[in-house]
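*Asks:* So I've got this file, start23.pdb, and it contains PDB, C-alpha atoms:
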```pdb
ATOM      1  CA  MET A   1      88.969 121.421  74.246
ATOM      2  CA  LYS A   2      90.889 120.393  77.346
ATOM      3  CA  LEU A   3      89.280 118.945  80.470
ATOM      4  CA  ILE A   4      91.116 118.659  83.786
ATOM      5  CA  ILE A   5      89.513 116.560  86.517
ATOM      6  CA  GLN A   6      90.829 117.657  89.888
ATOM      7  CA  ILE A   7      90.748 115.545  93.054
ATOM      8  CA  PRO A   8      91.579 117.136  96.445
ATOM      9  CA  CYS A   9      93.218 114.443  98.609
ATOM     10  CA  LEU A  10      94.092 113.977 102.259
ATOM     11  CA  ASN A  11      95.362 110.467 103.044
ATOM     12  CA  GLU A  12      93.390 108.824 100.234
ATOM     13  CA  ALA A  13      95.838 106.050  99.287
ATOM     14  CA  LYS A  14      93.159 103.363  99.805
ATOM     15  CA  THR A  15      90.297 104.982  97.883
ATOM     16  CA  LEU A  16      92.171 106.952  95.207
ATOM     17  CA  PRO A  17      92.809 103.964  92.867
ATOM     18  CA  ALA A  18      89.080 103.214  92.562
ATOM     19  CA  THR A  19      88.349 106.911  92.030
ATOM     20  CA  LEU A  20      90.886 107.161  89.208
ATOM     21  CA  MET A  21      89.686 103.950  87.565
ATOM     22  CA  ASP A  22      86.148 105.351  87.590
ATOM     23  CA  LEU A  23      87.078 108.462  85.593
ATOM     24  CA  PRO A  24      86.412 108.624  81.839
ATOM     25  CA  LYS A  25      89.271 108.284  79.381
ATOM     26  CA  ARG A  26      87.377 109.648  76.372
ATOM     27  CA  ILE A  27      84.499 112.127  76.073
ATOM     28  CA  GLU A  28      82.871 113.296  72.870
ATOM     29  CA  GLY A  29      83.706 116.936  72.217
ATOM     30  CA  VAL A  30      86.798 116.843  74.446
ATOM     31  CA  GLU A  31      90.222 116.388  72.856
ATOM     32  CA  ILE A  32      92.339 116.177  76.016
ATOM     33  CA  ILE A  33      91.464 114.710  79.435
ATOM     34  CA  GLU A  34      93.956 115.081  82.281
ATOM     35  CA  TYR A  35      93.812 114.341  86.008
ATOM     36  CA  LEU A  36      95.020 116.629  88.776
ATOM     37  CA  VAL A  37      95.565 115.400  92.339
ATOM     38  CA  ILE A  38      95.853 118.093  95.014
ATOM     39  CA  ASP A  39      97.742 116.596  97.946
ATOM     40  CA  ASP A  40      96.576 118.478 101.028
ATOM     41  CA  GLY A  41      99.375 117.388 103.343
ATOM     42  CA  SER A  42      98.851 113.618 103.165
ATOM     43  CA  THR A  43     100.989 111.465 105.445
ATOM     44  CA  ASP A  44     100.238 108.167 103.695
ATOM     45  CA  LYS A  45     101.157 107.048 100.162
ATOM     46  CA  THR A  46      98.599 109.182  98.335
ATOM     47  CA  VAL A  47     101.209 110.847  96.105
ATOM     48  CA  GLN A  48     102.904 107.541  95.252
ATOM     49  CA  VAL A  49      99.536 105.993  94.376
ATOM     50  CA  ALA A  50      98.699 108.953  92.155
ATOM     51  CA  LYS A  51     102.011 108.652  90.315
ATOM     52  CA  SER A  52     101.679 104.886  89.884
ATOM     53  CA  HIS A  53      98.252 105.354  88.279
ATOM     54  CA  GLY A  54      99.529 107.861  85.754
ATOM     55  CA  VAL A  55      98.021 111.055  87.161
ATOM     56  CA  HIS A  56      99.101 113.886  84.878
ATOM     57  CA  HIS A  57      99.478 116.629  87.506
ATOM     58  CA  ILE A  58     100.187 116.447  91.239
ATOM     59  CA  LEU A  59      99.992 119.631  93.293
ATOM     60  CA  SER A  60     101.479 119.138  96.775
ATOM     61  CA  LEU A  61     100.460 121.765  99.340
ATOM     62  CA  GLY A  62     103.006 120.598 101.924
ATOM     63  CA  THR A  63     100.703 120.904 104.921
ATOM     64  CA  ASN A  64      97.001 120.348 105.544
ATOM     65  CA  ARG A  65      95.393 123.617 104.464
ATOM     66  CA  GLY A  66      91.766 122.523 104.273
ATOM     67  CA  LEU A  67      89.353 121.516 101.515
ATOM     68  CA  ALA A  68      88.429 125.059 100.460
ATOM     69  CA  THR A  69      92.085 126.070 100.006
ATOM     70  CA  ALA A  70      92.918 122.825  98.191
ATOM     71  CA  PHE A  71      90.008 123.406  95.819
ATOM     72  CA  LYS A  72      91.025 127.017  95.162
ATOM     73  CA  LEU A  73      94.680 126.203  94.491
ATOM     74  CA  GLY A  74      93.635 123.289  92.295
ATOM     75  CA  ILE A  75      91.497 125.596  90.159
ATOM     76  CA  GLU A  76      94.386 128.042  89.809
ATOM     77  CA  HIS A  77      96.751 125.223  88.822
ATOM     78  CA  ALA A  78      94.281 123.880  86.262
ATOM     79  CA  LEU A  79      94.055 127.330  84.664
ATOM     80  CA  LYS A  80      97.866 127.444  84.414
ATOM     81  CA  LYS A  81      97.664 124.148  82.553
ATOM     82  CA  ASN A  82      95.245 125.696  80.035
ATOM     83  CA  ALA A  83      92.112 123.847  81.101
ATOM     84  CA  ASP A  84      88.941 124.825  79.230
ATOM     85  CA  ILE A  85      86.742 122.931  81.707
ATOM     86  CA  VAL A  86      87.557 121.867  85.268
ATOM     87  CA  VAL A  87      85.641 119.100  87.024
ATOM     88  CA  ASN A  88      85.993 118.652  90.766
ATOM     89  CA  THR A  89      85.302 115.261  92.355
ATOM     90  CA  ASP A  90      85.989 113.607  95.711
ATOM     91  CA  ALA A  91      88.797 111.136  96.332
ATOM     92  CA  ASP A  92      86.556 108.740  98.276
ATOM     93  CA  ASN A  93      84.877 107.734  94.984
ATOM     94  CA  GLN A  94      81.478 108.904  96.208
ATOM     95  CA  TYR A  95      80.505 110.292  92.805
ATOM     96  CA  PHE A  96      80.158 108.062  89.740
ATOM     97  CA  GLY A  97      82.875 109.161  87.333
ATOM     98  CA  GLY A  98      80.935 107.839  84.363
ATOM     99  CA  ASP A  99      78.551 110.782  84.721
ATOM    100  CA  ILE A 100      81.240 113.370  83.976
ATOM    101  CA  PRO A 101      80.218 113.570  80.275
ATOM    102  CA  LYS A 102      76.689 114.461  81.427
ATOM    103  CA  LEU A 103      78.117 116.958  83.937
ATOM    104  CA  ILE A 104      80.156 118.927  81.397
ATOM    105  CA  GLN A 105      77.654 118.804  78.512
ATOM    106  CA  PRO A 106      75.847 122.074  79.449
ATOM    107  CA  ILE A 107      79.219 123.869  79.407
ATOM    108  CA  ILE A 108      80.267 122.343  76.086
ATOM    109  CA  SER A 109      76.946 123.365  74.532
ATOM    110  CA  GLY A 110      77.281 126.890  75.948
ATOM    111  CA  GLU A 111      74.214 126.633  78.172
ATOM    112  CA  ALA A 112      75.911 126.986  81.564
ATOM    113  CA  ASP A 113      79.009 128.324  83.304
ATOM    114  CA  LEU A 114      78.819 126.089  86.386
ATOM    115  CA  VAL A 115      77.129 122.695  86.634
ATOM    116  CA  VAL A 116      76.379 120.854  89.883
ATOM    117  CA  GLY A 117      75.853 117.096  90.003
ATOM    118  CA  CYS A 118      72.796 116.421  92.178
ATOM    119  CA  ARG A 119      72.785 113.153  94.131
ATOM    120  CA  PRO A 120      69.642 111.016  94.612
ATOM    121  CA  ILE A 121      69.416 112.021  98.264
ATOM    122  CA  ALA A 122      65.738 111.257  98.840
ATOM    123  CA  SER A 123      65.922 107.709  97.485
ATOM    124  CA  HIS A 124      69.408 106.629  98.519
ATOM    125  CA  PRO A 125      69.361 103.958 101.251
ATOM    126  CA  GLU A 126      72.782 104.940 102.700
ATOM    127  CA  PHE A 127      71.585 108.437 103.607
ATOM    128  CA  LYS A 128      69.977 108.594 107.035
ATOM    129  CA  LEU A 129      66.710 110.466 107.532
ATOM    130  CA  THR A 130      68.520 113.175 109.517
ATOM    131  CA  LYS A 131      70.982 113.742 106.681
ATOM    132  CA  LYS A 132      68.171 113.898 104.122
ATOM    133  CA  ILE A 133      66.333 116.536 106.159
ATOM    134  CA  LEU A 134      69.489 118.597 106.706
ATOM    135  CA  GLN A 135      70.373 118.407 103.014
ATOM    136  CA  PHE A 136      66.861 119.500 102.047
ATOM    137  CA  VAL A 137      66.785 122.430 104.472
ATOM    138  CA  GLY A 138      70.357 123.475 103.670
ATOM    139  CA  SER A 139      69.808 123.358  99.909
ATOM    140  CA  TRP A 140      66.540 125.302 100.230
ATOM    141  CA  THR A 141      68.318 128.003 102.234
ATOM    142  CA  LEU A 142      71.182 128.151  99.733
ATOM    143  CA  ARG A 143      68.735 128.563  96.861
ATOM    144  CA  ARG A 144      67.288 131.636  98.567
ATOM    145  CA  ILE A 145      70.706 133.188  99.190
ATOM    146  CA  SER A 146      72.367 132.220  95.903
ATOM    147  CA  LYS A 147      69.400 132.921  93.588
ATOM    148  CA  THR A 148      69.882 129.506  91.967
ATOM    149  CA  ASP A 149      67.686 126.414  91.724
ATOM    150  CA  VAL A 150      70.318 123.769  92.558
ATOM    151  CA  ARG A 151      68.742 120.946  94.558
ATOM    152  CA  ASP A 152      71.951 119.565  96.097
ATOM    153  CA  ALA A 153      73.967 122.531  97.350
ATOM    154  CA  ALA A 154      76.432 120.335  99.266
ATOM    155  CA  SER A 155      77.496 118.290  96.247
ATOM    156  CA  GLY A 156      81.193 118.654  95.442
ATOM    157  CA  PHE A 157      80.784 117.029  92.008
ATOM    158  CA  ARG A 158      80.933 120.113  89.802
ATOM    159  CA  ALA A 159      82.051 121.381  86.424
ATOM    160  CA  PHE A 160      83.390 124.898  85.829
ATOM    161  CA  SER A 161      84.069 126.690  82.571
ATOM    162  CA  LYS A 162      87.435 128.372  82.126
ATOM    163  CA  GLU A 163      85.822 131.801  82.453
ATOM    164  CA  THR A 164      84.071 130.795  85.675
ATOM    165  CA  CYS A 165      87.320 129.496  87.168
ATOM    166  CA  GLY A 166      88.869 132.896  86.572
ATOM    167  CA  LYS A 167      86.032 134.629  88.431
ATOM    168  CA  ILE A 168      86.002 132.423  91.529
ATOM    169  CA  PHE A 169      87.297 133.929  94.772
ATOM    170  CA  ILE A 170      87.115 131.606  97.777
ATOM    171  CA  HIS A 171      87.035 133.265 101.200
ATOM    172  CA  SER A 172      85.703 130.359 103.292
ATOM    173  CA  LYS A 173      88.060 127.992 105.118
ATOM    174  CA  PHE A 174      85.466 125.230 105.585
ATOM    175  CA  SER A 175      84.160 124.255 102.159
ATOM    176  CA  TYR A 176      83.915 125.761  98.697
ATOM    177  CA  CYS A 177      80.500 124.235  97.880
ATOM    178  CA  MET A 178      78.291 126.929  99.368
ATOM    179  CA  GLU A 179      80.447 129.916  98.523
ATOM    180  CA  THR A 180      80.895 129.079  94.852
ATOM    181  CA  LEU A 181      77.121 128.751  94.450
ATOM    182  CA  ILE A 182      76.393 132.010  96.259
ATOM    183  CA  GLN A 183      79.101 133.841  94.349
ATOM    184  CA  ALA A 184      78.047 132.445  90.975
ATOM    185  CA  GLY A 185      74.356 133.120  91.524
ATOM    186  CA  ASN A 186      74.966 136.690  92.677
ATOM    187  CA  SER A 187      77.472 137.404  89.891
ATOM    188  CA  GLY A 188      75.144 136.623  87.018
ATOM    189  CA  LEU A 189      76.827 133.351  86.053
ATOM    190  CA  ARG A 190      74.625 130.646  84.560
ATOM    191  CA  VAL A 191      74.231 127.802  87.048
ATOM    192  CA  CYS A 192      72.427 124.558  86.362
ATOM    193  CA  SER A 193      72.336 121.020  87.752
ATOM    194  CA  VAL A 194      72.127 117.487  86.406
ATOM    195  CA  ASN A 195      71.156 114.255  88.123
ATOM    196  CA  ILE A 196      74.124 111.988  88.821
ATOM    197  CA  ARG A 197      74.713 108.579  90.355
ATOM    198  CA  ILE A 198      76.820 107.798  93.386
ATOM    199  CA  ASN A 199      78.923 104.800  94.337
ATOM    200  CA  PRO A 200      78.643 102.792  97.590
ATOM    201  CA  LYS A 201      80.149 104.580 100.588
ATOM    202  CA  THR A 202      83.825 103.783 101.226
ATOM    203  CA  ARG A 203      84.330 105.794 104.432
ATOM    204  CA  GLU A 204      82.794 108.433 106.673
ATOM    205  CA  SER A 205      83.173 112.117 105.834
ATOM    206  CA  ARG A 206      86.344 113.810 107.099
ATOM    207  CA  LEU A 207      85.009 117.311 106.596
ATOM    208  CA  PHE A 208      83.171 117.250 109.934
ATOM    209  CA  LYS A 209      83.167 114.995 112.993
ATOM    210  CA  SER A 210      79.507 115.259 113.953
ATOM    211  CA  THR A 211      76.165 116.534 112.696
ATOM    212  CA  PHE A 212      76.322 119.378 115.204
ATOM    213  CA  GLN A 213      79.750 120.472 113.926
ATOM    214  CA  TYR A 214      78.446 120.345 110.360
ATOM    215  CA  LEU A 215      75.456 122.524 111.293
ATOM    216  CA  VAL A 216      77.640 125.062 113.086
ATOM    217  CA  LYS A 217      80.209 125.315 110.291
ATOM    218  CA  SER A 218      77.663 125.261 107.466
ATOM    219  CA  GLY A 219      75.403 127.766 109.202
ATOM    220  CA  GLY A 220      78.333 130.056 109.926
ATOM    221  CA  THR A 221      79.509 129.831 106.325
ATOM    222  CA  MET A 222      76.064 130.631 104.923
ATOM    223  CA  LEU A 223      75.656 133.573 107.283
ATOM    224  CA  ALA A 224      79.111 134.933 106.411
ATOM    225  CA  MET A 225      78.501 134.537 102.679
ATOM    226  CA  PHE A 226      75.057 136.154 102.970
ATOM    227  CA  PHE A 227      76.723 139.095 104.699
ATOM    228  CA  LEU A 228      79.532 139.242 102.117
ATOM    229  CA  TYR A 229      77.511 138.897  98.913
ATOM    230  CA  ARG A 230      74.166 140.429  99.944
ATOM    231  CA  PRO A 231      74.946 142.937 102.710
ATOM    232  CA  GLY A 232      72.008 145.180 101.876
ATOM    233  CA  ARG A 233      69.495 142.387 102.322
ATOM    234  CA  PHE A 234      71.327 141.101 105.410
ATOM    235  CA  PHE A 235      71.293 144.355 107.383
ATOM    236  CA  ALA A 236      67.949 145.578 106.028
ATOM    237  CA  SER A 237      66.247 142.364 107.153
ATOM    238  CA  ILE A 238      67.438 142.903 110.724
ATOM    239  CA  ALA A 239      66.644 146.631 110.534
ATOM    240  CA  ASN A 240      63.072 145.835 109.496
ATOM    241  CA  VAL A 241      62.598 143.811 112.671
ATOM    242  CA  PHE A 242      63.800 146.674 114.885
ATOM    243  CA  LEU A 243      61.681 149.143 112.922
ATOM    244  CA  LEU A 244      58.604 146.973 113.397
ATOM    245  CA  ILE A 245      59.266 146.769 117.151
ATOM    246  CA  SER A 246      59.693 150.547 117.441
ATOM    247  CA  PHE A 247      56.542 151.092 115.364
ATOM    248  CA  THR A 248      54.590 148.740 117.620
ATOM    249  CA  ILE A 249      55.837 150.542 120.732
ATOM    250  CA  GLY A 250      54.872 153.878 119.158
ATOM    251  CA  ILE A 251      51.350 152.693 118.397
ATOM    252  CA  ARG A 252      51.049 151.389 121.955
ATOM    253  CA  TYR A 253      52.198 154.753 123.346
ATOM    254  CA  ILE A 254      49.700 156.691 121.203
ATOM    255  CA  TYR A 255      46.908 154.361 122.234
ATOM    256  CA  TYR A 256      47.564 154.841 125.973
ATOM    257  CA  ALA A 257      48.179 158.588 125.578
ATOM    258  CA  PHE A 258      45.059 159.506 123.623
ATOM    259  CA  PHE A 259      42.530 156.702 123.982
ATOM    260  CA  THR A 260      42.755 155.617 127.625
ATOM    261  CA  SER A 261      42.583 157.360 130.947
ATOM    262  CA  ASP A 262      45.346 155.147 132.411
ATOM    263  CA  PHE A 263      48.330 157.303 131.516
ATOM    264  CA  SER A 264      49.910 157.829 134.885
ATOM    265  CA  GLY A 265      53.660 158.297 134.730
ATOM    266  CA  GLY A 266      53.495 159.163 131.033
ATOM    267  CA  LYS A 267      54.760 155.742 129.955
ATOM    268  CA  ILE A 268      58.218 157.270 129.553
ATOM    269  CA  GLN A 269      59.724 153.770 129.352
ATOM    270  CA  SER A 270      57.898 153.253 126.066
ATOM    271  CA  LEU A 271      59.418 156.390 124.592
ATOM    272  CA  ILE A 272      62.898 155.301 125.670
ATOM    273  CA  LEU A 273      62.452 151.857 124.105
ATOM    274  CA  LEU A 274      61.019 153.415 120.959
ATOM    275  CA  ALA A 275      64.067 155.670 120.648
ATOM    276  CA  VAL A 276      66.489 152.772 121.230
ATOM    277  CA  PHE A 277      64.894 150.492 118.622
ATOM    278  CA  ALA A 278      64.420 153.332 116.129
ATOM    279  CA  PHE A 279      68.091 154.296 116.456
ATOM    280  CA  ALA A 280      69.155 150.643 116.057
ATOM    281  CA  SER A 281      67.001 150.372 112.935
ATOM    282  CA  PHE A 282      68.488 153.570 111.470
ATOM    283  CA  SER A 283      72.010 152.329 112.214
ATOM    284  CA  LEU A 284      71.351 148.990 110.523
ATOM    285  CA  TYR A 285      69.885 150.683 107.447
ATOM    286  CA  SER A 286      73.040 152.798 107.321
ATOM    287  CA  LEU A 287      75.151 149.630 107.477
ATOM    288  CA  ALA A 288      73.043 148.198 104.631
ATOM    289  CA  VAL A 289      73.920 151.199 102.454
ATOM    290  CA  ILE A 290      77.597 151.038 103.416
ATOM    291  CA  GLY A 291      77.616 147.275 102.805
ATOM    292  CA  GLU A 292      76.223 147.742  99.306
ATOM    293  CA  LEU A 293      78.875 150.367  98.560
ATOM    294  CA  LEU A 294      81.596 147.992  99.780
ATOM    295  CA  LYS A 295      80.035 145.224  97.716
ATOM    296  CA  ALA A 296      80.241 147.404  94.607
ATOM    297  CA  ASN A 297      83.878 148.164  95.409
ATOM    298  CA  ARG A 298      84.615 144.442  95.931
ATOM    299  CA  LYS A 299      83.092 143.648  92.529
ATOM    300  CA  ILE A 300      85.380 146.204  90.902
ATOM    301  CA  LEU A 301      88.411 144.693  92.652
ATOM    302  CA  GLU A 302      87.360 141.178  91.628
ATOM    303  CA  ALA A 303      86.972 142.335  88.032
ATOM    304  CA  ILE A 304      90.504 143.777  88.143
ATOM    305  CA  LEU A 305      91.885 140.553  89.646
ATOM    306  CA  THR A 306      90.045 138.508  87.020
ATOM    307  CA  LYS A 307      91.585 140.637  84.288
ATOM    308  CA  LYS A 308      95.040 140.135  85.797
ATOM    309  CA  LYS A 309      94.466 136.376  85.901
ATOM    310  CA  GLU A 310      93.675 136.442  82.186
ATOM    311  CA  GLU A 311      96.765 138.505  81.402
ATOM    312  CA  LYS A 312      99.128 136.518  83.640
ATOM    313  CA  PRO A 313     101.382 134.263  81.562
ATOM    314  CA  HIS A 314     100.795 130.552  82.043
ATOM    315  CA  ASP A 315     103.344 128.264  83.637
ATOM    316  CA  TYR A 316     104.267 125.295  81.492
TER     317      TYR A 316
END
```
Show me, as structure tokens, the structure contained in the file I just sent.
*Replies:*
Amino acid sequence: MKLIIQIPCLNEAKTLPATLMDLPKRIEGVEIIEYLVIDDGSTDKTVQVAKSHGVHHILSLGTNRGLATAFKLGIEHALKKNADIVVNTDADNQYFGGDIPKLIQPIISGEADLVVGCRPIASHPEFKLTKKILQFVGSWTLRRISKTDVRDAASGFRAFSKETCGKIFIHSKFSYCMETLIQAGNSGLRVCSVNIRINPKTRESRLFKSTFQYLVKSGGTMLAMFFLYRPGRFFASIANVFLLISFTIGIRYIYYAFFTSDFSGGKIQSLILLAVFAFASFSLYSLAVIGELLKANRKILEAILTKKKEEKPHDY
């Protein structure tokens, strides 16, 4: 069995050595362990540092294409190198590399297809109260959308089986963390989590500049993925609100028309509003049906693309 540990990098010359030193050299049940550095347009000596530390594979993207793209291209490269398991970790050495054996064990034993390393968010002193609350709320929301029970949805410390790597299709430009969970949970893949340790912080996150930016990007990503992977639920939920409003207006109209004497003017405004909200509800239900049909078509296309990935000859 071959394990490839991939590390997306953007100007990580200072932190990459510690990250590489933290990775395991031997794991029971794994014959080959190789490291893959994805250089996402670094302008420092990240590539030179990777080479000097004996990194087996270096994938240079040329320009900064974003974390989600770097992750996706790294997964594709790992498959070309015949990886049976791919582990993704961060170059800032946030995650404790010694927990990789624990992370991949459910895949080795055939119990899971994707494993997420859950950080001790509630008890970690370096996490501010605001971050803890946001992580809790965000993970709770992701569990509802993804149909999984992962407690730390934002964790990038993950293990993927070879089959799972072939089924992943990243659409987001912000981060792969949310989308891979939503896709896996809604595709019937087995997702589980294990508790992992983290190292002392070496730098601030580069994925977002402020909490507000993180909320906007994360919220937008979750909404887009909810729409993409569960369109029926997305549009039907909104349609139900409009239907309830139109129903309430209808009840109000009937009440004034038949049970009160104050019906001057006929309350025609109520009928107009009822018609508007009822039509909006019908339109949204129609979009829900169309969305589910498109979803079924997308699944067929993804299955075809997955089959082509399996048939495509590997590059050596």
*Asks:* What's the 12 Å shell around Arg65 of chain A, counting all atoms listed in the file, without same-chain residues fewer than 2 positions away, as an MDAnalysis selection string?
*Replies:* chainID A and resid 8:10 38:42 60:63 67:73 172:175
*Asks:* For the residues in the current selection, export C-alpha atoms as a JSON list (two decimals), in the frame of the given file.
*Replies:*
```json
[["chain", "number", "residue", "atom", "x", "y", "z"],
["A", 8, "PRO", "CA", 91.58, 117.14, 96.44],
["A", 9, "CYS", "CA", 93.22, 114.44, 98.61],
["A", 10, "LEU", "CA", 94.09, 113.98, 102.26],
["A", 38, "ILE", "CA", 95.85, 118.09, 95.01],
["A", 39, "ASP", "CA", 97.74, 116.60, 97.95],
["A", 40, "ASP", "CA", 96.58, 118.48, 101.03],
["A", 41, "GLY", "CA", 99.38, 117.39, 103.34],
["A", 42, "SER", "CA", 98.85, 113.62, 103.16],
["A", 60, "SER", "CA", 101.48, 119.14, 96.78],
["A", 61, "LEU", "CA", 100.46, 121.76, 99.34],
["A", 62, "GLY", "CA", 103.01, 120.60, 101.92],
["A", 63, "THR", "CA", 100.70, 120.90, 104.92],
["A", 67, "LEU", "CA", 89.35, 121.52, 101.52],
["A", 68, "ALA", "CA", 88.43, 125.06, 100.46],
["A", 69, "THR", "CA", 92.08, 126.07, 100.01],
["A", 70, "ALA", "CA", 92.92, 122.82, 98.19],
["A", 71, "PHE", "CA", 90.01, 123.41, 95.82],
["A", 72, "LYS", "CA", 91.02, 127.02, 95.16],
["A", 73, "LEU", "CA", 94.68, 126.20, 94.49],
["A", 172, "SER", "CA", 85.70, 130.36, 103.29],
["A", 173, "LYS", "CA", 88.06, 127.99, 105.12],
["A", 174, "PHE", "CA", 85.47, 125.23, 105.58],
["A", 175, "SER", "CA", 84.16, 124.26, 102.16]]
```
*Asks:* Once the PyMOL selection byres ((chain A and resi 137-141) around 6) has been evaluated on this model, what residues remain selected, and can you format them as a list in words?
*Replies:*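 Written out, the selection comes to Leu134, Gln135, Phe136, Leu142, Arg143, Arg144, Arg151, Asp152 and Ala153 of chain A.
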*Asks:* Could you jot down the atom CA of Ile5 of chain A to atom CA of Tyr35 of chain A separation for me, Å, one decimal place?
*Replies:*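 A separation of 4.9 Å between them.
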*Asks:* Give me the residues near Thr15 of chain A as a PyMOL selection string, where near means some atom within 10 Å (using all atoms listed in the file) and where sequence neighbours in that chain fewer than 5 positions away do not count.
*Replies:* chain A and resi 9+20+46+49+90-94+202-203
*Asks:* Take the PyMOL selection byres ((chain A and resi 160) around 7), run it mentally on this structure, and tell me the resulting residues as a list in words.
*Replies:*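 That selection, the PyMOL selection byres ((chain A and resi 160) around 7), comes back as Ile85, Val86, Val87, Asp113, Leu114, Val115, Arg158, Ala159, Ser161, Lys162, Thr164 and Cys165 of chain A.
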*Asks:* Can you translate the PyMOL selection byres ((chain A and resi 286-294) around 9) into the concrete residues it hits in this file, as a PyMOL selection string?
*Replies:* chain A and resi 227-236+239+281-285+295-299
*Asks:* What is the distance between atom CA of Ala154 of chain A and atom CA of Ala224 of chain A, in Å to one decimal?
*Replies:*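 Between these atoms lies a distance of 16.5 Å.
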*Asks:* Kindly indicate which residue among A:Ala257, A:Ile27, A:Ile32, A:Ile249 lies nearest to Ile104 of chain A, using only C-alpha atoms for the distances.
*Replies:*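 Closest to Ile104 of chain A of all the choices is A:Ile27.
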*Asks:* Do you have the atom CA of Ser270 of chain A-atom CA of Ile251 of chain A distance handy?
*Replies:*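 Those two atoms sit 10.1 Å apart.
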*Asks:* Skip Pro125 of chain A itself and residues of its chain fewer than 5 positions away, then list as JSON, numbers by chain all residues within 12 Å of it, counting only C-alpha atoms.
*Replies:* {"A": [120, 131, 132, 198, 199, 200, 201]}
*Asks:* Considering all atoms listed in the file, can you say which of A:Ala83, A:Val37, A:Cys177, A:Met222 comes closest to Glu12 of chain A?
*Replies:*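 Comparing A:Ala83, A:Val37, A:Cys177, A:Met222 against Glu12 of chain A, the winner is A:Val37.
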*Asks:* Pick from A:Thr306, A:Gln6, A:Asn88, A:Ser123: nearest to Ser155 of chain A, with only C-alpha atoms counted?
*Replies:*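 Result for the nearest residue to Ser155 of chain A: A:Asn88.
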*Asks:* Quick one: everything within 9 Å of Val30 of chain A, counting all atoms listed in the file, minus sequence neighbours fewer than 4 positions away in the same chain. Send it as an MDAnalysis selection string.
*Replies:* chainID A and resid 1:3 26 108
*Asks:* Between A:Val116, A:Leu223, A:Ile133, A:Ala50, which has the minimum distance to Leu181 of chain A (counting only C-alpha atoms)?
*Replies:*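 Checking each candidate against Leu181 of chain A, we get A:Val116 as the closest.
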*Asks:* From the list A:Met178, A:Ile268, A:Leu305, A:Val47, which residue is nearest Arg252 of chain A when using only C-alpha atoms?
*Replies:* A:Ile268
*Asks:* Which residue is closest to Asn64 of chain A? Choose from A:Asn11, A:Pro24, A:Lys81, A:Ala112 and count all atoms listed in the file.
*Replies:*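 Smallest separation from Asn64 of chain A among the options: A:Asn11.
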